[in-house]
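With PDB, C-alpha atoms and all ligand atoms inside, this is query-v8.pdb:
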ATOM      1  CA  MET A   1     116.776   4.398 175.245
ATOM      2  CA  LYS A   2     114.893   7.699 175.055
ATOM      3  CA  SER A   3     115.950   9.929 172.186
ATOM      4  CA  TYR A   4     116.550  13.497 173.218
ATOM      5  CA  PHE A   5     117.157  14.763 169.700
ATOM      6  CA  CYS A   6     114.858  15.320 166.742
ATOM      7  CA  VAL A   7     115.271  16.779 163.276
ATOM      8  CA  SER A   8     111.992  17.687 161.576
ATOM      9  CA  GLU A   9     111.120  15.771 158.425
ATOM     10  CA  ARG A  10     111.313  18.909 156.326
ATOM     11  CA  VAL A  11     114.789  19.781 157.557
ATOM     12  CA  ALA A  12     116.097  16.215 157.341
ATOM     13  CA  GLY A  13     114.736  15.916 153.795
ATOM     14  CA  ALA A  14     116.381  19.159 152.687
ATOM     15  CA  ILE A  15     119.744  18.095 154.121
ATOM     16  CA  ALA A  16     119.522  14.690 152.428
ATOM     17  CA  ASP A  17     118.729  16.355 149.073
ATOM     18  CA  ASN A  18     121.531  18.962 149.297
ATOM     19  CA  LYS A  19     118.925  21.728 149.570
ATOM     20  CA  PRO A  20     119.822  24.878 151.551
ATOM     21  CA  VAL A  21     118.902  24.992 155.236
ATOM     22  CA  VAL A  22     119.362  27.947 157.594
ATOM     23  CA  ALA A  23     119.311  27.380 161.348
ATOM     24  CA  LEU A  24     117.904  29.951 163.785
ATOM     25  CA  GLU A  25     118.309  30.204 167.543
ATOM     26  CA  SER A  26     115.601  30.585 170.173
ATOM     27  CA  THR A  27     117.208  32.450 173.098
ATOM     28  CA  ILE A  28     116.772  35.538 170.956
ATOM     29  CA  ILE A  29     113.027  34.738 171.039
ATOM     30  CA  SER A  30     112.564  34.011 174.743
ATOM     31  CA  HIS A  31     115.327  36.076 176.339
ATOM     32  CA  GLY A  32     116.357  38.561 173.663
ATOM     33  CA  MET A  33     113.114  40.308 172.712
ATOM     34  CA  PRO A  34     109.760  41.014 174.416
ATOM     35  CA  TYR A  35     106.467  39.330 173.513
ATOM     36  CA  PRO A  36     104.808  39.678 171.015
ATOM     37  CA  GLN A  37     107.544  41.221 168.836
ATOM     38  CA  ASN A  38     109.713  38.155 169.529
ATOM     39  CA  VAL A  39     107.193  35.744 168.017
ATOM     40  CA  GLN A  40     106.355  38.056 165.117
ATOM     41  CA  THR A  41     110.064  38.408 164.331
ATOM     42  CA  ALA A  42     110.775  34.676 164.579
ATOM     43  CA  LEU A  43     107.868  33.815 162.264
ATOM     44  CA  GLU A  44     108.788  36.563 159.801
ATOM     45  CA  VAL A  45     112.368  35.240 159.784
ATOM     46  CA  GLU A  46     111.078  31.794 158.826
ATOM     47  CA  ARG A  47     108.995  33.378 156.075
ATOM     48  CA  ILE A  48     112.046  35.209 154.703
ATOM     49  CA  VAL A  49     114.065  31.998 154.704
ATOM     50  CA  ARG A  50     111.378  30.247 152.656
ATOM     51  CA  ALA A  51     111.023  33.198 150.284
ATOM     52  CA  GLU A  52     114.780  32.939 149.743
ATOM     53  CA  GLY A  53     114.372  29.336 148.643
ATOM     54  CA  CYS A  54     115.759  27.762 151.830
ATOM     55  CA  THR A  55     114.354  25.651 154.666
ATOM     56  CA  PRO A  56     114.267  27.315 158.117
ATOM     57  CA  ALA A  57     115.396  25.265 161.106
ATOM     58  CA  THR A  58     114.560  27.024 164.352
ATOM     59  CA  VAL A  59     116.265  25.153 167.190
ATOM     60  CA  ALA A  60     114.893  24.767 170.739
ATOM     61  CA  VAL A  61     114.413  22.166 173.453
ATOM     62  CA  ILE A  62     110.773  21.085 173.348
ATOM     63  CA  ASN A  63     109.749  19.142 176.453
ATOM     64  CA  GLY A  64     113.268  17.805 176.781
ATOM     65  CA  VAL A  65     113.847  17.084 173.095
ATOM     66  CA  LEU A  66     116.526  19.094 171.301
ATOM     67  CA  THR A  67     114.577  19.938 168.159
ATOM     68  CA  VAL A  68     115.959  21.160 164.841
ATOM     69  CA  GLY A  69     113.041  22.594 162.893
ATOM     70  CA  CYS A  70     110.423  23.848 165.385
ATOM     71  CA  GLU A  71     106.786  24.306 164.417
ATOM     72  CA  PRO A  72     105.102  27.759 164.592
ATOM     73  CA  ASP A  73     103.085  26.804 167.700
ATOM     74  CA  GLN A  74     106.310  25.818 169.486
ATOM     75  CA  ILE A  75     107.859  29.175 168.562
ATOM     76  CA  GLU A  76     104.754  30.926 169.865
ATOM     77  CA  LEU A  77     104.954  29.008 173.140
ATOM     78  CA  LEU A  78     108.633  29.835 173.669
ATOM     79  CA  GLY A  79     107.916  33.478 172.926
ATOM     80  CA  LYS A  80     105.100  33.572 175.469
ATOM     81  CA  MET A  81     107.176  31.769 178.095
ATOM     82  CA  GLY A  82     109.930  34.365 177.817
ATOM     83  CA  THR A  83     112.545  33.968 180.507
ATOM     84  CA  SER A  84     110.637  31.127 182.156
ATOM     85  CA  ALA A  85     112.004  28.912 179.366
ATOM     86  CA  VAL A  86     115.488  27.745 180.347
ATOM     87  CA  LYS A  87     118.317  29.516 178.521
ATOM     88  CA  VAL A  88     120.188  26.554 177.106
ATOM     89  CA  SER A  89     123.845  26.624 176.247
ATOM     90  CA  ARG A  90     125.881  23.430 175.676
ATOM     91  CA  ARG A  91     126.197  22.600 179.351
ATOM     92  CA  ASP A  92     122.480  22.962 180.026
ATOM     93  CA  LEU A  93     121.427  20.510 177.307
ATOM     94  CA  PRO A  94     121.672  17.211 179.207
ATOM     95  CA  ILE A  95     119.941  18.603 182.272
ATOM     96  CA  VAL A  96     117.028  20.201 180.456
ATOM     97  CA  ALA A  97     116.653  17.055 178.342
ATOM     98  CA  ALA A  98     116.577  14.772 181.367
ATOM     99  CA  GLN A  99     114.080  17.038 183.113
ATOM    100  CA  GLY A 100     111.830  17.244 180.053
ATOM    101  CA  LYS A 101     111.751  21.030 180.154
ATOM    102  CA  MET A 102     111.261  23.752 177.580
ATOM    103  CA  GLY A 103     114.531  25.407 176.647
ATOM    104  CA  ALA A 104     115.631  28.196 174.345
ATOM    105  CA  THR A 105     118.992  27.534 172.755
ATOM    106  CA  THR A 106     121.748  30.158 172.706
ATOM    107  CA  VAL A 107     124.200  30.478 169.838
ATOM    108  CA  ALA A 108     126.299  27.746 171.494
ATOM    109  CA  GLY A 109     123.321  25.438 172.073
ATOM    110  CA  THR A 110     122.041  26.004 168.545
ATOM    111  CA  MET A 111     125.458  25.380 166.989
ATOM    112  CA  TYR A 112     125.732  22.125 168.909
ATOM    113  CA  ALA A 113     122.355  21.009 167.495
ATOM    114  CA  CYS A 114     123.441  22.065 163.987
ATOM    115  CA  GLY A 115     126.532  19.915 164.351
ATOM    116  CA  LEU A 116     124.412  16.885 165.258
ATOM    117  CA  ALA A 117     121.904  17.492 162.452
ATOM    118  CA  GLY A 118     124.389  18.481 159.743
ATOM    119  CA  VAL A 119     123.179  22.068 159.230
ATOM    120  CA  ASP A 120     126.034  24.246 157.972
ATOM    121  CA  VAL A 121     124.678  27.788 158.147
ATOM    122  CA  PHE A 122     123.071  29.583 161.083
ATOM    123  CA  ALA A 123     121.782  33.162 161.267
ATOM    124  CA  THR A 124     121.272  35.223 164.403
ATOM    125  CA  GLY A 125     121.447  38.801 165.693
ATOM    126  CA  GLY A 126     124.487  39.016 167.929
ATOM    127  CA  ILE A 127     126.762  36.454 169.535
ATOM    128  CA  GLY A 128     127.851  36.322 173.132
ATOM    129  CA  GLY A 129     131.487  37.190 173.778
ATOM    130  CA  ALA A 130     133.977  38.456 176.313
ATOM    131  CA  HIS A 131     132.183  40.784 178.705
ATOM    132  CA  ARG A 132     133.806  43.970 179.880
ATOM    133  CA  ASN A 133     136.255  43.229 182.715
ATOM    134  CA  SER A 134     136.255  39.558 181.736
ATOM    135  CA  GLN A 135     140.002  39.581 182.208
ATOM    136  CA  TYR A 136     139.026  39.554 185.916
ATOM    137  CA  THR A 137     135.534  38.034 185.999
ATOM    138  CA  MET A 138     136.169  35.275 183.388
ATOM    139  CA  ASP A 139     132.699  35.994 181.992
ATOM    140  CA  ILE A 140     133.321  34.838 178.442
ATOM    141  CA  SER A 141     130.344  33.369 176.586
ATOM    142  CA  ALA A 142     130.339  29.652 175.807
ATOM    143  CA  ASP A 143     129.427  30.802 172.270
ATOM    144  CA  LEU A 144     133.122  31.442 171.654
ATOM    145  CA  ASP A 145     134.157  27.964 172.787
ATOM    146  CA  GLU A 146     131.433  26.433 170.649
ATOM    147  CA  LEU A 147     132.780  28.308 167.642
ATOM    148  CA  GLN A 148     136.102  26.644 168.425
ATOM    149  CA  GLN A 149     134.737  23.120 168.317
ATOM    150  CA  THR A 150     131.630  22.948 166.147
ATOM    151  CA  ASN A 151     131.788  23.323 162.387
ATOM    152  CA  VAL A 152     128.944  25.749 161.657
ATOM    153  CA  ALA A 153     129.076  29.127 159.944
ATOM    154  CA  VAL A 154     127.346  31.776 162.050
ATOM    155  CA  VAL A 155     126.098  34.990 160.459
ATOM    156  CA  CYS A 156     125.656  37.849 162.944
ATOM    157  CA  ALA A 157     125.822  41.634 163.170
ATOM    158  CA  GLY A 158     128.961  41.516 165.310
ATOM    159  CA  ALA A 159     128.829  41.894 169.056
ATOM    160  CA  LYS A 160     127.084  44.507 171.144
ATOM    161  CA  SER A 161     129.264  46.912 173.023
ATOM    162  CA  ILE A 162     127.828  45.450 176.243
ATOM    163  CA  LEU A 163     130.853  43.234 175.511
ATOM    164  CA  ASP A 164     134.509  44.103 175.180
ATOM    165  CA  ILE A 165     134.749  43.756 171.404
ATOM    166  CA  GLY A 166     138.553  43.849 171.338
ATOM    167  CA  LEU A 167     138.804  41.034 173.901
ATOM    168  CA  THR A 168     136.110  39.076 172.056
ATOM    169  CA  LEU A 169     138.173  39.231 168.862
ATOM    170  CA  GLU A 170     141.291  38.133 170.779
ATOM    171  CA  CYS A 171     139.391  35.148 172.198
ATOM    172  CA  LEU A 172     138.208  34.186 168.714
ATOM    173  CA  GLU A 173     141.760  34.364 167.398
ATOM    174  CA  THR A 174     143.043  32.148 170.206
ATOM    175  CA  ARG A 175     140.294  29.643 169.488
ATOM    176  CA  GLY A 176     141.167  29.445 165.794
ATOM    177  CA  VAL A 177     137.893  30.957 164.590
ATOM    178  CA  PRO A 178     138.025  32.843 161.284
ATOM    179  CA  VAL A 179     136.147  36.153 161.398
ATOM    180  CA  VAL A 180     134.991  37.305 157.984
ATOM    181  CA  GLY A 181     133.566  40.770 157.341
ATOM    182  CA  TYR A 182     130.842  40.781 154.718
ATOM    183  CA  GLN A 183     131.442  43.875 152.596
ATOM    184  CA  THR A 184     133.285  45.449 155.527
ATOM    185  CA  ASP A 185     136.829  45.718 156.897
ATOM    186  CA  GLU A 186     135.569  46.378 160.408
ATOM    187  CA  MET A 187     133.952  44.373 163.146
ATOM    188  CA  PRO A 188     130.411  45.767 163.363
ATOM    189  CA  ALA A 189     129.002  46.615 166.803
ATOM    190  CA  PHE A 190     125.451  45.320 166.379
ATOM    191  CA  TYR A 191     123.451  48.591 166.570
ATOM    192  CA  THR A 192     126.166  50.418 164.658
ATOM    193  CA  ARG A 193     128.228  49.539 161.615
ATOM    194  CA  SER A 194     131.651  50.068 163.112
ATOM    195  CA  SER A 195     133.517  49.333 166.313
ATOM    196  CA  GLY A 196     136.960  50.655 165.495
ATOM    197  CA  TYR A 197     138.314  47.078 165.375
ATOM    198  CA  LYS A 198     139.378  45.534 162.084
ATOM    199  CA  VAL A 199     138.454  42.039 160.972
ATOM    200  CA  ASP A 200     141.134  39.874 159.416
ATOM    201  CA  TYR A 201     139.258  39.048 156.256
ATOM    202  CA  ARG A 202     136.796  40.849 154.098
ATOM    203  CA  MET A 203     134.629  39.070 151.522
ATOM    204  CA  ASP A 204     132.212  40.848 149.249
ATOM    205  CA  SER A 205     130.091  37.960 147.977
ATOM    206  CA  ALA A 206     128.200  35.023 149.428
ATOM    207  CA  ARG A 207     129.978  32.762 146.939
ATOM    208  CA  GLN A 208     133.402  33.660 148.338
ATOM    209  CA  ILE A 209     132.146  32.911 151.842
ATOM    210  CA  ALA A 210     130.688  29.556 150.747
ATOM    211  CA  GLN A 211     134.042  28.664 149.188
ATOM    212  CA  ALA A 212     135.792  29.402 152.493
ATOM    213  CA  ILE A 213     133.258  27.267 154.381
ATOM    214  CA  LEU A 214     133.875  24.357 152.019
ATOM    215  CA  ALA A 215     137.650  24.782 152.286
ATOM    216  CA  GLN A 216     137.306  24.683 156.065
ATOM    217  CA  LYS A 217     135.501  21.362 155.797
ATOM    218  CA  VAL A 218     138.079  19.890 153.434
ATOM    219  CA  LEU A 219     140.984  21.008 155.612
ATOM    220  CA  LYS A 220     139.164  19.904 158.784
ATOM    221  CA  THR A 221     140.491  22.853 160.757
ATOM    222  CA  LYS A 222     137.662  22.103 163.204
ATOM    223  CA  GLY A 223     135.369  24.725 164.595
ATOM    224  CA  GLY A 224     133.134  27.223 162.913
ATOM    225  CA  MET A 225     133.372  30.521 161.138
ATOM    226  CA  LEU A 226     131.985  33.872 162.162
ATOM    227  CA  ILE A 227     130.559  35.997 159.385
ATOM    228  CA  VAL A 228     129.906  39.546 160.478
ATOM    229  CA  ASP A 229     127.312  41.518 158.567
ATOM    230  CA  PRO A 230     126.822  45.182 159.539
ATOM    231  CA  ILE A 231     123.353  46.540 160.233
ATOM    232  CA  PRO A 232     122.066  48.354 157.109
ATOM    233  CA  GLN A 233     122.872  52.059 157.247
ATOM    234  CA  GLN A 234     119.233  53.175 157.302
ATOM    235  CA  TYR A 235     118.550  51.214 160.506
ATOM    236  CA  SER A 236     121.819  51.848 162.341
ATOM    237  CA  MET A 237     121.707  53.857 165.557
ATOM    238  CA  ASP A 238     123.633  56.947 166.556
ATOM    239  CA  PRO A 239     126.812  55.535 168.183
ATOM    240  CA  ASP A 240     127.131  58.277 170.828
ATOM    241  CA  TYR A 241     123.541  57.796 171.927
ATOM    242  CA  ILE A 242     123.485  53.991 172.070
ATOM    243  CA  ASN A 243     126.948  53.684 173.586
ATOM    244  CA  ALA A 244     126.008  56.102 176.373
ATOM    245  CA  VAL A 245     122.910  54.012 177.131
ATOM    246  CA  ILE A 246     124.984  50.816 177.144
ATOM    247  CA  GLU A 247     127.644  52.367 179.429
ATOM    248  CA  ARG A 248     124.984  53.344 181.931
ATOM    249  CA  GLU A 249     123.195  49.992 181.884
ATOM    250  CA  VAL A 250     126.412  47.972 182.179
ATOM    251  CA  LYS A 251     127.351  50.047 185.235
ATOM    252  CA  ARG A 252     123.912  49.621 186.796
ATOM    253  CA  ALA A 253     123.935  45.875 186.236
ATOM    254  CA  ASP A 254     127.367  45.675 187.849
ATOM    255  CA  GLU A 255     126.164  47.655 190.866
ATOM    256  CA  SER A 256     123.114  45.384 191.170
ATOM    257  CA  GLY A 257     125.374  42.317 191.186
ATOM    258  CA  ILE A 258     123.820  40.694 188.099
ATOM    259  CA  THR A 259     126.113  37.967 186.793
ATOM    260  CA  GLY A 260     126.197  34.661 184.924
ATOM    261  CA  LYS A 261     123.630  33.706 182.331
ATOM    262  CA  ALA A 262     121.219  36.381 183.575
ATOM    263  CA  LEU A 263     123.517  39.229 182.582
ATOM    264  CA  THR A 264     123.055  39.293 178.790
ATOM    265  CA  PRO A 265     119.208  39.085 178.874
ATOM    266  CA  HIS A 266     119.121  41.704 181.623
ATOM    267  CA  LEU A 267     121.216  44.138 179.581
ATOM    268  CA  LEU A 268     119.199  43.549 176.405
ATOM    269  CA  ALA A 269     115.928  44.344 178.211
ATOM    270  CA  ALA A 270     117.401  47.349 180.042
ATOM    271  CA  ILE A 271     118.724  48.833 176.800
ATOM    272  CA  GLU A 272     115.404  48.321 175.105
ATOM    273  CA  ARG A 273     113.582  50.121 177.917
ATOM    274  CA  ALA A 274     116.083  52.960 177.985
ATOM    275  CA  THR A 275     115.781  53.537 174.236
ATOM    276  CA  GLU A 276     111.977  53.227 174.320
ATOM    277  CA  GLY A 277     112.036  50.412 171.801
ATOM    278  CA  LYS A 278     114.410  52.032 169.304
ATOM    279  CA  SER A 279     117.056  49.363 169.977
ATOM    280  CA  LEU A 280     114.448  46.652 169.406
ATOM    281  CA  ALA A 281     113.506  48.069 166.000
ATOM    282  CA  ALA A 282     117.177  48.076 164.974
ATOM    283  CA  ASN A 283     117.634  44.565 166.373
ATOM    284  CA  ILE A 284     114.752  43.206 164.300
ATOM    285  CA  GLN A 285     116.034  44.755 161.078
ATOM    286  CA  LEU A 286     119.570  43.480 161.511
ATOM    287  CA  VAL A 287     118.260  39.970 162.108
ATOM    288  CA  PHE A 288     116.321  40.105 158.817
ATOM    289  CA  ASN A 289     119.441  41.351 157.067
ATOM    290  CA  ASN A 290     121.588  38.536 158.499
ATOM    291  CA  VAL A 291     119.001  35.941 157.578
ATOM    292  CA  ARG A 292     119.021  37.053 153.930
ATOM    293  CA  LEU A 293     122.823  36.790 153.789
ATOM    294  CA  ALA A 294     122.750  33.371 155.472
ATOM    295  CA  CYS A 295     120.283  32.192 152.821
ATOM    296  CA  GLN A 296     122.551  33.363 150.014
ATOM    297  CA  ILE A 297     125.501  31.572 151.608
ATOM    298  CA  ALA A 298     123.487  28.368 152.144
ATOM    299  CA  ARG A 299     122.373  28.401 148.506
ATOM    300  CA  GLU A 300     125.919  28.976 147.229
ATOM    301  CA  LEU A 301     127.175  26.164 149.428
ATOM    302  CA  CYS A 302     124.668  23.743 147.910
ATOM    303  CA  ALA A 303     125.521  24.966 144.407
ATOM    304  CA  LEU A 304     129.258  24.426 145.008
ATOM    305  CA  ARG A 305     128.600  20.945 146.376
ATOM    306  CA  GLY A 306     126.499  20.169 143.308
ATOM    307  CA  GLU A 307     129.410  21.152 141.060
ATOM    308  CA  GLN A 308     131.817  18.802 142.821
TER     309      GLN A 308
HETATM  310  N1  LIG B 401     123.505  38.989 172.147
HETATM  311  C1  LIG B 401     122.510  39.676 171.557
HETATM  312  N2  LIG B 401     121.252  39.143 171.529
HETATM  313  C2  LIG B 401     120.978  37.913 172.073
HETATM  314  C3  LIG B 401     122.059  37.196 172.664
HETATM  315  C4  LIG B 401     123.289  37.766 172.690
HETATM  316  O1  LIG B 401     122.746  40.759 171.063
HETATM  317  O2  LIG B 401     119.822  37.446 172.022
HETATM  318  C5  LIG B 401     121.802  35.816 173.219
HETATM  319  C6  LIG B 401     122.254  34.753 172.219
HETATM  320  O3  LIG B 401     121.393  33.641 172.310
HETATM  321  C7  LIG B 401     123.630  34.378 172.723
HETATM  322  C8  LIG B 401     123.434  34.492 174.229
HETATM  323  O4  LIG B 401     124.050  33.096 172.353
HETATM  324  O5  LIG B 401     122.590  35.635 174.387
HETATM  325  C9  LIG B 401     124.741  34.661 174.952
HETATM  326  O6  LIG B 401     124.513  34.621 176.319
HETATM  327  P1  LIG B 401     125.770  34.566 177.321
HETATM  328  O7  LIG B 401     126.417  35.913 177.213
HETATM  329  O8  LIG B 401     125.151  34.327 178.666
HETATM  330  O9  LIG B 401     126.642  33.451 176.875
HETATM  331 MN    MN B 402     128.379  34.732 180.599
END
So that I can check it, write out the structure of this file as structure tokens.
Ligand code: PSU
Ligand code: MN
Amino acid sequence: MKSYFCVSERVAGAIADNKPVVALESTIISHGMPYPQNVQTALEVERIVRAEGCTPATVAVINGVLTVGCEPDQIELLGKMGTSAVKVSRRDLPIVAAQGKMGATTVAGTMYACGLAGVDVFATGGIGGAHRNSQYTMDISADLDELQQTNVAVVCAGAKSILDIGLTLECLETRGVPVVGYQTDEMPAFYTRSSGYKVDYRMDSARQIAQAILAQKVLKTKGGMLIVDPIPQQYSMDPDYINAVIEREVKRADESGITGKALTPHLLAAIERATEGKSLAANIQLVFNNVRLACQIARELCALRGEQ
């Protein structure tokens, strides 16, 4: 039977030796940022992970094979393909695999692969969530359902206000997903450090977070954990400015009838154009920041396991 799943030797070896691994998604490469900044960012992220003493595991579907630990040339190819690579969430996996296509995994798709491979920590920019008006449209990202069922800790900078952040937090509560603020009491809003919504738990060190991740495994509460890490102050955007841009672009997208999996990439590109690249610069910096925290958490997790 054909195998549709592959873990690179480097990643498999690190997992077997209780060495820290940090997973990275690929929709952010193909659908979340323009070329060539997408490829530069993805490769720099891998470099940071290594400099932090961890093994990077970029996840994507390569010619139908769900791959944990992509090579630089595969990252380059996905970046060049852009939106012609399939955006792959959980439900898309079997189809893209059977068709032998190139696919970029979302947070949900990447978490699913982490679950299969045994990678515990995953860093990204922002997660999908409950879109505005989702109480009517039902447009709630499969990322939230994946967090309910797959035991992976996801480090992100919160959710963009293209989403309804309050509804997103309600959905996470319903799904039994702990939301932990790293050195913050508030849910960050991606480009900005605050959203006005509180998180339930605040933790100030990577060690505390690693302890919670281990406790979650022992208790088998199922599902993942969301660790929200605000964009560093020096890179954060003016909330009035960015929120006005987002308001306008959400309204335009609605008027143009853009729905489904095309909506999030459309909004990301529209916001980037409207801010003349300022949103992209902030996006890149917050990803680097999240990656460094994810590395600290992954290292602490291995250290705690070693002590057991
Ligand atoms: N939000 C961002 N940047 C992104 C995404 C979301 O700020 O790149 C991507 C992620 O891959 C996420 C996906 O998993 O979009 C969610 O898409 P949807 O809303 O269609 O579920
Ligand atoms: Mn959606």
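For the atom pair formed by atom CA of Gln211 of chain A and atom CA of Ile297 of chain A, the distance is 9.3 Å, given to one decimal.
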For this session: Just the residues within 7 Å of segment 178-194 of chain A, please, counting only C-alpha atoms, with nothing from its chain fewer than 6 positions along; format it as number ranges by chain.
Result: A: 126, 157-161, 200-204, 225-231, 236-237, 239, 282
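Across A:Arg90, A:Arg50, A:Lys80, A:Arg10, the tightest approach to Asn38 of chain A is made by A:Lys80 when counting only C-alpha atoms.
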For this session: Skip segment 141-152 of chain A itself and residues of its chain fewer than 6 positions away, then list as a PyMOL selection string all residues within 9 Å of it, counting all atoms listed in the file.
Result: chain A and resi 89-91+106-109+111-112+114-115+118-122+127-131+168+171-172+175-177+213+216-217+220-226+261
Exercise. With distances taken over only C-alpha atoms and all ligand atoms, which of A:Pro94, A:Pro34, A:Gly306, A:Pro20 is nearest to ligand LIG 401 (chain B)?
Worked result: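 Checking each candidate against ligand LIG 401 (chain B), we get A:Pro34 as the closest.
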Exercise. Nearest to Phe288 of chain A among A:Ile271, A:Ala42, A:Val88, A:Leu304, with distances taken over all atoms listed in the file: which residue is it?
Worked result: A:Ala42
Exercise. What does the distance between atom CA of Thr275 of chain A and atom CA of Lys251 of chain A come to in Å, to one decimal place?
Worked result: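 Answer for the atom CA of Thr275 of chain A to atom CA of Lys251 of chain A separation: 16.3 Å.
Between atom CA of Ala269 of chain A and atom CA of Gly257 of chain A there is a distance of 16.2 Å.
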For this session: Check which residues satisfy the PyMOL selection byres (((chain A and resi 28) around 8) and not hetatm) in the file shown, then give them as a list in words.
Result: Glu25, Ser26, Thr27, Ile29, Ser30, His31, Gly32, Met33, Asn38, Thr106, Thr124 and Gly125 of chain A
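When only C-alpha atoms and all ligand atoms are used to measure the gap to ligand LIG 401 (chain B), the shortest distance among A:Ile140, A:Leu293, A:Ile258, A:Ala215 belongs to A:Ile140.
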Exercise. Using all atoms listed in the file, what residues lie at most 12 Å away from (118.0, 14.7, 159.5) (file coordinates), given as a list in words?
Worked result: Phe5, Cys6, Val7, Ser8, Glu9, Arg10, Val11, Ala12, Gly13, Ala14, Ile15, Ala16, Asp17, Asn18, Val21, Ala57, Thr67, Val68, Gly69, Ala113, Cys114, Gly115, Leu116, Ala117, Gly118 and Val119 of chain A
Enumerate, as a compact mmCIF listing (two decimals) with C-alpha atoms, in the coordinates of the input, the residues matched when the PyMOL selection byres (((chain A and resi 291) around 9) and not hetatm) is run on the file above.
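The file below, part29.txt, is the result:
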# COMPACT_ATOMS: atom_id res chain seq x y z
CA VAL A 22 119.36 27.95 157.59
CA LEU A 24 117.90 29.95 163.78
CA VAL A 45 112.37 35.24 159.78
CA ILE A 48 112.05 35.21 154.70
CA VAL A 49 114.06 32.00 154.70
CA PHE A 122 123.07 29.58 161.08
CA ALA A 123 121.78 33.16 161.27
CA THR A 124 121.27 35.22 164.40
CA GLY A 125 121.45 38.80 165.69
CA VAL A 155 126.10 34.99 160.46
CA CYS A 156 125.66 37.85 162.94
CA LEU A 286 119.57 43.48 161.51
CA VAL A 287 118.26 39.97 162.11
CA PHE A 288 116.32 40.10 158.82
CA ASN A 289 119.44 41.35 157.07
CA ASN A 290 121.59 38.54 158.50
CA ARG A 292 119.02 37.05 153.93
CA LEU A 293 122.82 36.79 153.79
CA ALA A 294 122.75 33.37 155.47
CA CYS A 295 120.28 32.19 152.82
CA GLN A 296 122.55 33.36 150.01
For this session: Expand the PyMOL selection byres (((chain A and resi 72-74) around 9) and not hetatm) into the individual residues it matches in the shown file, reporting them as a ChimeraX atom specification.
Result: /A:39,42-43,60,62,70-71,75-79
So that all listed atoms of ligand LIG 401 (chain B) fit with 6 Å spare on each side, what axis-aligned box centre and edge lengths in Å, to one decimal, would you give as AutoDock Vina command-line options?
--center_x 123.2 --center_y 36.9 --center_z 174.9 --size_x 18.8 --size_y 19.7 --size_z 19.6
For this session: Could you tell me which of A:Thr264, A:Glu255, A:Thr110, A:Val86 comes closest to ligand MN 402 (chain B) if we count all atoms listed in the file?
Result: A:Thr264
